[in-house]
Every structure is written in C-alpha cells, then in structure tokens.
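> Compact mmCIF, C-alpha atoms, file start32.txt:
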```txt
# COMPACT_ATOMS: atom_id res chain seq x y z
CA MET A 1 208.13 34.35 106.79
CA ARG A 2 204.72 35.86 106.96
CA GLU A 3 201.79 33.62 106.14
CA GLN A 4 200.10 35.32 103.21
CA GLU A 5 197.00 34.36 101.29
CA ARG A 6 198.31 35.89 98.11
CA MET A 7 200.44 33.53 96.03
CA ARG A 8 202.42 34.63 93.01
CA PRO A 9 203.12 31.78 90.56
CA LEU A 10 206.53 31.44 88.96
CA ALA A 11 207.36 29.68 85.74
CA GLY A 12 207.07 26.15 87.09
CA SER A 13 204.80 24.16 89.34
CA LEU A 14 205.54 25.99 92.59
CA THR A 15 205.67 29.53 93.84
CA VAL A 16 208.48 31.31 95.57
CA LEU A 17 206.03 32.21 98.29
CA THR A 18 205.57 28.52 98.97
CA MET A 19 209.34 28.22 99.18
CA LEU A 20 209.93 31.11 101.53
CA ALA A 21 206.75 31.76 103.48
CA VAL A 22 205.20 30.38 106.66
CA THR A 23 208.06 28.52 108.40
CA ALA A 24 210.88 29.66 106.18
CA CYS A 25 212.42 31.91 108.76
CA GLY A 26 211.35 30.79 112.18
CA ALA A 27 208.52 29.60 114.33
CA LEU A 28 207.09 30.50 117.68
CA GLY A 29 208.60 28.41 120.44
CA THR A 30 208.67 27.84 124.16
CA ALA A 31 210.96 29.66 126.56
CA GLU A 32 214.59 28.75 126.03
CA THR A 33 217.90 29.13 127.82
CA GLY A 34 219.82 32.13 126.61
CA GLU A 35 220.58 35.73 127.46
CA VAL A 36 219.99 39.18 126.07
CA ILE A 37 223.24 40.96 125.25
CA ASP A 38 224.30 44.35 123.95
CA ALA A 39 224.57 44.27 120.18
CA ALA A 40 225.91 47.37 118.42
CA GLY A 41 223.53 49.68 120.22
CA GLN A 42 220.68 47.18 120.27
CA ARG A 43 219.68 44.29 122.52
CA GLN A 44 219.41 40.74 121.22
CA TRP A 45 218.89 37.28 122.66
CA VAL A 46 221.65 34.69 122.15
CA SER A 47 221.82 30.98 122.95
CA CYS A 48 225.17 29.15 122.77
CA THR A 49 225.87 25.47 123.41
CA GLY A 50 229.01 23.35 123.28
CA GLU A 51 232.69 24.16 123.25
CA GLU A 52 234.10 22.42 120.17
CA THR A 53 235.83 24.48 117.49
CA PRO A 54 235.41 25.88 114.98
CA ALA A 55 232.34 27.55 116.41
CA VAL A 56 229.19 27.94 114.30
CA VAL A 57 226.85 30.95 114.26
CA LEU A 58 223.33 30.43 112.88
CA VAL A 59 221.51 33.34 111.21
CA HIS A 60 217.73 33.11 110.76
CA GLY A 61 215.54 34.58 108.04
CA ILE A 62 212.75 37.14 108.05
CA GLY A 63 209.01 37.10 108.62
CA ASP A 64 206.24 38.08 111.00
CA ARG A 65 207.08 35.04 113.15
CA ALA A 66 210.81 34.93 112.45
CA ASN A 67 213.22 33.88 115.15
CA SER A 68 216.10 31.53 115.78
CA SER A 69 213.93 28.71 117.14
CA TYR A 70 213.85 27.51 113.55
CA TRP A 71 217.48 26.42 114.10
CA ARG A 72 216.76 24.20 117.11
CA ALA A 73 217.05 20.90 115.26
CA THR A 74 220.25 22.02 113.57
CA GLN A 75 221.76 23.16 116.87
CA GLN A 76 220.96 19.74 118.32
CA GLU A 77 222.44 18.03 115.26
CA LEU A 78 225.68 19.95 115.75
CA ALA A 79 225.95 19.02 119.44
CA GLY A 80 229.32 17.46 120.18
CA LYS A 81 230.72 18.70 116.87
CA HIS A 82 230.78 22.50 117.20
CA ARG A 83 230.12 25.22 119.71
CA THR A 84 226.94 26.64 118.23
CA CYS A 85 225.26 30.01 118.75
CA ARG A 86 221.91 31.15 117.42
CA TYR A 87 220.29 34.50 118.07
CA ASP A 88 217.10 36.46 117.62
CA ARG A 89 217.67 39.72 115.79
CA PRO A 90 216.22 42.81 117.54
CA GLY A 91 212.46 42.75 117.12
CA THR A 92 212.19 38.97 116.75
CA GLY A 93 211.70 36.09 119.15
CA ASN A 94 213.10 36.74 122.62
CA SER A 95 214.80 40.00 121.62
CA PRO A 96 213.27 43.40 122.39
CA ALA A 97 212.29 45.70 119.56
CA PRO A 98 215.12 47.80 118.11
CA SER A 99 215.66 51.28 119.48
CA ARG A 100 215.46 52.82 116.01
CA SER A 101 213.92 52.05 112.65
CA GLY A 102 215.58 51.75 109.28
CA ARG A 103 218.57 49.57 110.19
CA ASP A 104 220.46 48.33 107.14
CA GLY A 105 222.88 45.58 106.18
CA GLN A 106 225.79 47.22 107.95
CA ASP A 107 223.77 47.40 111.15
CA LEU A 108 222.81 43.75 110.83
CA ALA A 109 226.44 42.83 110.24
CA ALA A 110 227.48 44.74 113.35
CA GLU A 111 224.84 42.91 115.39
CA LEU A 112 226.03 39.60 113.94
CA ASP A 113 229.58 40.49 114.94
CA THR A 114 228.60 40.53 118.60
CA VAL A 115 227.36 36.94 118.28
CA VAL A 116 230.50 35.86 116.42
CA ASN A 117 232.57 37.23 119.29
CA ARG A 118 230.33 35.46 121.79
CA ALA A 119 230.82 32.20 119.89
CA ASP A 120 234.62 32.59 119.77
CA ALA A 121 236.44 35.74 120.76
CA ASP A 122 239.73 34.63 119.24
CA ASP A 123 239.35 32.35 116.24
CA PRO A 124 237.24 32.59 113.07
CA VAL A 125 233.82 30.94 113.08
CA ILE A 126 231.59 29.28 110.50
CA VAL A 127 228.58 31.42 109.63
CA VAL A 128 225.48 29.49 108.55
CA ALA A 129 222.61 31.58 107.18
CA HIS A 130 219.12 30.63 106.03
CA SER A 131 216.87 32.47 103.57
CA PHE A 132 217.00 36.26 104.15
CA GLY A 133 219.75 35.61 106.69
CA GLY A 134 222.09 35.26 103.75
CA TYR A 135 221.99 39.03 103.24
CA PRO A 136 223.61 40.06 106.56
CA ALA A 137 225.90 37.02 106.34
CA LEU A 138 227.24 38.15 102.96
CA VAL A 139 227.80 41.71 104.15
CA TYR A 140 229.52 40.42 107.26
CA ALA A 141 231.74 37.97 105.39
CA GLN A 142 232.95 40.68 103.04
CA HIS A 143 233.79 43.19 105.76
CA HIS A 144 235.00 40.77 108.45
CA ARG A 145 236.85 38.22 106.36
CA ASP A 146 239.30 37.50 109.20
CA ARG A 147 236.43 36.41 111.48
CA VAL A 148 234.85 33.94 109.04
CA ALA A 149 236.36 30.47 108.64
CA GLY A 150 233.64 29.43 106.24
CA LEU A 151 230.16 30.35 105.05
CA VAL A 152 227.16 28.06 104.50
CA LEU A 153 224.19 29.58 102.66
CA VAL A 154 221.09 27.46 103.25
CA GLU A 155 218.36 28.22 100.72
CA ALA A 156 219.61 31.79 100.88
CA VAL A 157 217.94 34.50 98.84
CA GLU A 158 220.30 35.44 96.01
CA PRO A 159 220.40 39.27 95.95
CA ASP A 160 219.71 39.64 92.23
CA TYR A 161 216.78 37.25 92.56
CA GLY A 162 215.48 39.50 95.32
CA LEU A 163 213.51 39.23 98.52
CA ARG A 164 210.26 40.61 97.11
CA ALA A 165 210.26 37.95 94.43
CA GLY A 166 211.03 35.46 97.17
CA VAL A 167 207.91 36.25 99.16
CA GLY A 168 205.78 37.07 96.11
CA VAL A 169 204.99 40.73 96.80
CA ASP A 170 205.37 43.96 94.86
CA HIS A 171 206.25 46.40 97.63
CA TRP A 172 208.74 46.35 100.50
CA ASP A 173 206.09 47.16 103.09
CA GLU A 174 204.35 43.91 102.21
CA VAL A 175 207.30 41.84 103.43
CA GLY A 176 206.61 40.60 106.95
CA GLN A 177 209.45 41.33 109.35
CA ALA A 178 208.03 41.00 112.89
CA ASP A 179 209.17 44.14 114.76
CA GLU A 180 212.56 44.48 113.06
CA ASP A 181 211.58 47.63 111.13
CA LEU A 182 214.52 47.28 108.74
CA ASP A 183 215.30 49.25 105.60
CA LEU A 184 214.96 46.14 103.46
CA ALA A 185 215.81 47.92 100.21
CA ALA A 186 219.12 49.05 101.71
CA VAL A 187 219.88 45.61 103.12
CA GLN A 188 219.33 44.02 99.71
CA ARG A 189 221.35 46.69 97.93
CA GLN A 190 224.30 46.17 100.25
CA ALA A 191 224.11 42.40 99.86
CA ARG A 192 224.07 42.84 96.09
CA GLN A 193 227.30 44.83 96.32
CA VAL A 194 229.08 41.72 97.59
CA ASP A 195 230.38 40.46 94.25
CA SER A 196 233.34 38.42 95.46
CA LEU A 197 234.40 36.63 98.63
CA GLU A 198 237.66 35.61 96.96
CA ASP A 199 238.70 32.18 98.27
CA LEU A 200 236.46 32.06 101.34
CA PRO A 201 235.27 28.45 101.84
CA LEU A 202 231.61 28.51 100.79
CA THR A 203 228.95 25.81 100.71
CA VAL A 204 225.61 26.60 99.08
CA LEU A 205 222.87 24.22 100.26
CA ARG A 206 219.62 24.25 98.34
CA ARG A 207 216.37 22.35 98.67
CA GLY A 208 215.81 19.09 96.86
CA GLN A 209 212.03 19.29 96.76
CA GLY A 210 210.02 21.73 94.67
CA ALA A 211 212.65 24.24 93.59
CA SER A 212 211.80 26.12 90.41
CA PRO A 213 214.39 26.41 87.61
CA GLN A 214 214.81 30.09 88.48
CA TRP A 215 215.51 29.30 92.11
CA LYS A 216 218.02 26.60 91.18
CA GLN A 217 219.82 29.04 88.90
CA ALA A 218 219.94 31.65 91.64
CA GLN A 219 221.46 29.12 94.02
CA GLU A 220 224.07 28.24 91.42
CA SER A 221 224.86 31.95 91.07
CA LEU A 222 225.71 32.12 94.77
CA THR A 223 228.55 29.66 94.23
CA HIS A 224 230.22 32.18 91.92
CA LEU A 225 230.96 34.41 94.91
CA SER A 226 233.94 32.28 95.93
CA SER A 227 236.65 30.34 94.13
CA ALA A 228 236.38 27.74 96.91
CA SER A 229 232.69 26.90 96.72
CA VAL A 230 230.53 23.79 96.45
CA LEU A 231 226.82 23.30 95.81
CA ARG A 232 224.96 20.64 97.78
CA VAL A 233 221.33 19.54 97.75
CA ALA A 234 219.18 18.59 100.73
CA GLN A 235 217.33 15.92 98.81
CA GLN A 236 214.43 15.39 101.18
CA ALA A 237 213.76 18.99 102.17
CA GLY A 238 211.87 21.98 100.90
CA HIS A 239 212.86 25.52 101.80
CA GLU A 240 212.72 24.61 105.50
CA VAL A 241 216.04 22.74 105.36
CA PRO A 242 217.22 23.62 108.91
CA ALA A 243 214.13 21.98 110.41
CA GLU A 244 213.40 19.31 107.80
CA GLU A 245 216.89 17.99 107.16
CA PRO A 246 219.30 19.33 109.81
CA GLU A 247 221.74 16.56 109.04
CA ALA A 248 222.17 18.10 105.58
CA VAL A 249 223.24 21.36 107.23
CA SER A 250 225.75 19.47 109.36
CA ALA A 251 227.09 17.71 106.26
CA ALA A 252 227.33 21.02 104.41
CA ILE A 253 229.45 22.43 107.22
CA ALA A 254 231.69 19.38 107.10
CA ALA A 255 232.00 19.76 103.31
CA LEU A 256 233.44 23.25 103.47
CA PRO A 257 236.54 23.29 101.30
CA SER A 258 239.83 24.19 102.88
CA PRO A 259 240.96 27.79 102.37
```
Using the file provided, produce a representation of the structure as structure tokens.

Amino acid sequence: MREQERMRPLAGSLTVLTMLAVTACGALGTAETGEVIDAAGQRQWVSCTGEETPAVVLVHGIGDRANSSYWRATQQELAGKHRTCRYDRPGTGNSPAPSRSGRDGQDLAAELDTVVNRADADDPVIVVAHSFGGYPALVYAQHHRDRVAGLVLVEAVEPDYGLRAGVGVDHWDEVGQADEDLDLAAVQRQARQVDSLEDLPLTVLRRGQGASPQWKQAQESLTHLSSASVLRVAQQAGHEVPAEEPEAVSAAIAALPSP
C-alpha cells in the first residue's frame, strides 16, 4: 500500500499502517510474461503458469504501487503443484487504467471471474487473496460458489475491522489505490455483507510477527465465515506473507479442509 509518513498507533506495540503499508499489496517489478485480456468491460494483465489442478488464482491488495508482482515468490513456490494465475487489476501494474471510475465489489468480482475462467474454464479453482484482495475474493466466493474449490485469506482485511483502520487514515480519499479509482466504501460494504460462506473450505493465514491483539481477533473472526475453516500462522512473516514466507501460503493451500 501507499508509503505514508503518518502513522496511527493501535493499542499495542505496532501500528496497522506498519502492517499494511509499503509492500503490503505489491511492488514495482520488471517486465514479465503475460497478456492483457478483456475483463468485464475493462482490460487487465494476467500471467498464468503450470497445468496442475486444482488451479490457483492470486488476488493482490491495494496501494499506490499495488500489483501482482508481490505474488512472484508464491507463484514460484506453487510451481509443479498448481496451475497458478496472478493478475493486475485495472489501473495497477501492467494493466491500463479503468475506463470508468467508481467500480465496486461486484465489478471487482466480475473482473476476477475472467481470471478464474482463464485459470480453469471447467473446474473450480482455489482463490488466494492478500490484504485488501480479501474483499473482492469474499464477494466472488459468495456469488460464484460453484467456481471456488477453496479460499485462502492471507492477512486479509476483515470487513468490520475496515480498510481505513488498516492503513491508518480517516478518509477514503487518503487510501492509496494507484489508478484503480474504486468506490472503496462500496467495496467494503459489499464485503461486509458476506456473512456466511456455508461449508466452503477456508484457510485464514495470518502473520506471526508483530500482529496486534485487535488484528489477531479480526483474523479469528474471518474463520467464522465457514463451517470448514482453519486458522494458520506464518510464524516468520509480517504482513508481507506472500513475499516473506511463500511456503506458508503453499502449506495453507494444502491445508484446505475437504468440502
């Protein structure tokens, strides 16, 4: 997420800004192999590797430098285990800016659906979402249950905890979002409306280093969304789990409970 000088302390030794800012949702990278595809009226860059099933789709977070390059290490870790697709949402990374402003959670879910179909047109996939990426992943999982074999939420922002608290700002326009130009209030509201995923296999993966009590509680709350959920901890990582401990993401995928 956006590097910000302002830091809002929580009750505890760290700040949520420290947890979610800077590299939380992507980093600038070199040119990569992929292609720009049509995505529900937008254009977005997608990179897929491997052929093994079930396929995995990786959803990045938000920030002024957000893009899917943050998933590189995880995609490499999953090589030989899963066909894996990551993508830059419109207005991030290698994707052009969106054609309209104010896209919401339903729009993000529709754009995610194009990547799911690119990963596997026939069978359900595993959706793995980091940080803010948990919002569109939740909306998608609720409305496209037949396309999701399992969900892994990696240090995902719990909707009641809230994105503004996560980045330590008071107003939505202070949340860095590259050129996405989303209606963030609507995205969060729609994610908050997801109150049950029934028995969808769900793994919640949280950081092992520096999490405040409030953040830990929010992560525990995410497990209540499914009757088939587990909570795991990436012991050596901070919020940047996909880059710092990609093997923990791979293990979390493997730990998904059976439906």
> Tell me, as a PyMOL selection string, which residues lie within 9 Å of Ala234 of chain A, counting all atoms listed in the file; anything in the same chain fewer than 6 positions away does not count.
chain A and resi 205-209+241+245+247-249
> Print the selection's residues with C-alpha atoms to a file, as a PDB file, in the frame of the given file.

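What ended up in out.pdb:
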```pdb
ATOM      1  CA  LEU A 205     222.870  24.220 100.260  1.00  0.00           C
ATOM      2  CA  ARG A 206     219.620  24.250  98.340  1.00  0.00           C
ATOM      3  CA  ARG A 207     216.370  22.350  98.670  1.00  0.00           C
ATOM      4  CA  GLY A 208     215.810  19.090  96.860  1.00  0.00           C
ATOM      5  CA  GLN A 209     212.030  19.290  96.760  1.00  0.00           C
ATOM      6  CA  VAL A 241     216.040  22.740 105.360  1.00  0.00           C
ATOM      7  CA  GLU A 245     216.890  17.990 107.160  1.00  0.00           C
ATOM      8  CA  GLU A 247     221.740  16.560 109.040  1.00  0.00           C
ATOM      9  CA  ALA A 248     222.170  18.100 105.580  1.00  0.00           C
ATOM     10  CA  VAL A 249     223.240  21.360 107.230  1.00  0.00           C
TER      11      VAL A 249
END
```
> If you measure from atom CA of Asp146 of chain A to atom CA of Leu200 of chain A, what distance in Å do you get, rounded to one decimal?
10.0 Å
> Could you name the residues that touch segment 150-154 of chain A at 6 Å or less, counting only C-alpha atoms, but leaving out those on the same chain fewer than 4 positions away, as a PyMOL selection string?
chain A and resi 126-130+201-205
> Record the distance separating atom CA of Gly50 of chain A and atom CA of Leu138 of chain A, expressed in Å with one decimal.
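These two atoms are separated by 25.2 Å.
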> Which distance in Å separates atom CA of Pro242 of chain A and atom CA of Arg103 of chain A, to one decimal?
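So the answer is 26.0 Å.
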> If you count all atoms listed in the file, which residues fall within 8 Å of segment 170-186 of chain A, apart from same-chain ones fewer than 4 positions away, as number ranges by chain?
A: 1-2, 62-66, 89-92, 97-98, 101-105, 164-165, 190
> Using only C-alpha atoms, pick whichever of A:Gly166, A:Gly134, A:Gly93, A:Pro54 has the shortest atom-to-atom distance to Lys81 of chain A.
A:Pro54
> So which one's closest to Val187 of chain A, A:Leu222, A:Asn117, A:Gly162, A:Gly34? Using all atoms listed in the file, please.
A:Gly162
> Would you please work out which residue, of A:Leu112, A:Cys48, A:Val157, A:Ala228, is nearest to His82 of chain A when using all atoms listed in the file?
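Going through A:Leu112, A:Cys48, A:Val157, A:Ala228 one by one, the smallest distance to His82 of chain A is for A:Cys48.
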